[in-house]
Amino acid sequence: MEAQLKRGFIEACVLATVAGRESYGYQIVKDAPAALELTESTLYPVLKRLEQAGCITARSAEHNGRLRKYYRITDAGRARIEEFLAAWPAVQDIYRYVEGAQS
């Protein structure tokens, strides 16, 4: 998948993952769609970007003697998901256009 396109999908999927319940990095990687091929090294810059944009919040808590960072979606993050979904008809139009070139 092309990098720029994939980046938008990764952000939307991370937000969707923490929309239902707070989660931590490794669990987000496990919960993300396999087609994204999401790794922790890819995830953490995305989490930082989303946190700086106010789309998620983070809290630290001890788990088995280690500090773990948990992420939760904010209202701004929910709005970002809505924007992503609102763009879907335009994405479908573009896909159909490109697909038509194969006919």
# chains A, B, ... in the order shown; residues from 1 in each chain; ligands from 1

$ residues_around --residues "stretch 17-32 of chain A" --least-positions-apart "5" --cutoff "9 Å" --atoms "only C-alpha atoms" --output "list in words"
Ile10, Ala12, Glu37, Leu38, Thr39, Glu40, Leu43, Tyr44, Leu47, Ile56, Ala58, Arg68, Lys69, Tyr70, Tyr71, Arg72, Ile73, Thr74, Gly77 and Arg78 of chain A

$ select_by_dssp --residues "chain A" --states "helix (DSSP H, G or I)" --output "PyMOL selection string"
chain A and resi 3-20+25-31+34-36+40-52+75-86+88-100

$ select_by_dssp --residues "chain A" --states "strand (DSSP E)" --output "PyMOL selection string"
chain A and resi 23-24+56-63+66-73

$ write_last_selection --atoms "N, CA and C atoms" --output "PDB file, in the first residue's frame"
ATOM      1  N   SER A  23      -6.280   1.765  25.430  1.00  0.00           N
ATOM      2  CA  SER A  23      -5.402   0.660  25.083  1.00  0.00           C
ATOM      3  C   SER A  23      -3.960   1.132  25.132  1.00  0.00           C
ATOM      4  N   TYR A  24      -3.033   0.199  24.989  1.00  0.00           N
ATOM      5  CA  TYR A  24      -1.606   0.505  25.011  1.00  0.00           C
ATOM      6  C   TYR A  24      -0.982   0.017  23.709  1.00  0.00           C
ATOM      7  N   ILE A  56      -6.010  12.161  21.001  1.00  0.00           N
ATOM      8  CA  ILE A  56      -5.955  11.145  22.052  1.00  0.00           C
ATOM      9  C   ILE A  56      -5.296  11.755  23.286  1.00  0.00           C
ATOM     10  N   THR A  57      -5.553  11.144  24.412  1.00  0.00           N
ATOM     11  CA  THR A  57      -4.840  11.489  25.641  1.00  0.00           C
ATOM     12  C   THR A  57      -4.097  10.244  26.094  1.00  0.00           C
ATOM     13  N   ALA A  58      -3.091  10.443  26.914  1.00  0.00           N
ATOM     14  CA  ALA A  58      -2.295   9.324  27.412  1.00  0.00           C
ATOM     15  C   ALA A  58      -2.153   9.437  28.921  1.00  0.00           C
ATOM     16  N   ARG A  59      -2.099   8.284  29.546  1.00  0.00           N
ATOM     17  CA  ARG A  59      -1.815   8.226  30.983  1.00  0.00           C
ATOM     18  C   ARG A  59      -0.876   7.065  31.212  1.00  0.00           C
ATOM     19  N   SER A  60      -0.049   7.181  32.208  1.00  0.00           N
ATOM     20  CA  SER A  60       0.880   6.106  32.548  1.00  0.00           C
ATOM     21  C   SER A  60       0.376   5.378  33.774  1.00  0.00           C
ATOM     22  N   ALA A  61       0.536   4.073  33.785  1.00  0.00           N
ATOM     23  CA  ALA A  61       0.147   3.258  34.928  1.00  0.00           C
ATOM     24  C   ALA A  61       1.108   2.072  35.013  1.00  0.00           C
ATOM     25  N   GLU A  62       1.328   1.620  36.230  1.00  0.00           N
ATOM     26  CA  GLU A  62       2.208   0.480  36.431  1.00  0.00           C
ATOM     27  C   GLU A  62       1.472  -0.809  36.087  1.00  0.00           C
ATOM     28  N   HIS A  63       2.172  -1.691  35.381  1.00  0.00           N
ATOM     29  CA  HIS A  63       1.625  -3.002  35.024  1.00  0.00           C
ATOM     30  C   HIS A  63       2.755  -4.011  35.164  1.00  0.00           C
ATOM     31  N   ARG A  66       6.186  -2.551  35.604  1.00  0.00           N
ATOM     32  CA  ARG A  66       6.694  -1.659  34.553  1.00  0.00           C
ATOM     33  C   ARG A  66       5.654  -0.585  34.271  1.00  0.00           C
ATOM     34  N   LEU A  67       6.140   0.559  33.833  1.00  0.00           N
ATOM     35  CA  LEU A  67       5.248   1.643  33.472  1.00  0.00           C
ATOM     36  C   LEU A  67       4.722   1.411  32.053  1.00  0.00           C
ATOM     37  N   ARG A  68       3.415   1.497  31.906  1.00  0.00           N
ATOM     38  CA  ARG A  68       2.779   1.307  30.601  1.00  0.00           C
ATOM     39  C   ARG A  68       1.944   2.554  30.303  1.00  0.00           C
ATOM     40  N   LYS A  69       1.970   2.999  29.047  1.00  0.00           N
ATOM     41  CA  LYS A  69       1.218   4.172  28.637  1.00  0.00           C
ATOM     42  C   LYS A  69      -0.082   3.714  27.979  1.00  0.00           C
ATOM     43  N   TYR A  70      -1.205   4.240  28.483  1.00  0.00           N
ATOM     44  CA  TYR A  70      -2.520   3.914  27.956  1.00  0.00           C
ATOM     45  C   TYR A  70      -3.077   5.123  27.204  1.00  0.00           C
ATOM     46  N   TYR A  71      -3.728   4.845  26.084  1.00  0.00           N
ATOM     47  CA  TYR A  71      -4.249   5.906  25.221  1.00  0.00           C
ATOM     48  C   TYR A  71      -5.762   5.812  25.145  1.00  0.00           C
ATOM     49  N   ARG A  72      -6.397   7.003  25.084  1.00  0.00           N
ATOM     50  CA  ARG A  72      -7.854   7.101  25.005  1.00  0.00           C
ATOM     51  C   ARG A  72      -8.209   8.195  24.002  1.00  0.00           C
ATOM     52  N   ILE A  73      -9.275   7.992  23.258  1.00  0.00           N
ATOM     53  CA  ILE A  73      -9.703   8.966  22.260  1.00  0.00           C
ATOM     54  C   ILE A  73     -10.346  10.185  22.933  1.00  0.00           C
TER      55      ILE A  73
END

$ atom_distance --atom1 "atom CA of A:Arg80" --atom2 "atom CA of A:Arg49"
13.0 Å

$ closest_residue --among "A:Cys13, A:Asp75, A:Gly54, A:Arg7" --to "A:Thr42" --atoms "only C-alpha atoms"
A:Arg7

$ atom_distance --atom1 "atom CA of A:Ala101" --atom2 "atom CA of A:Leu5"
19.9 Å
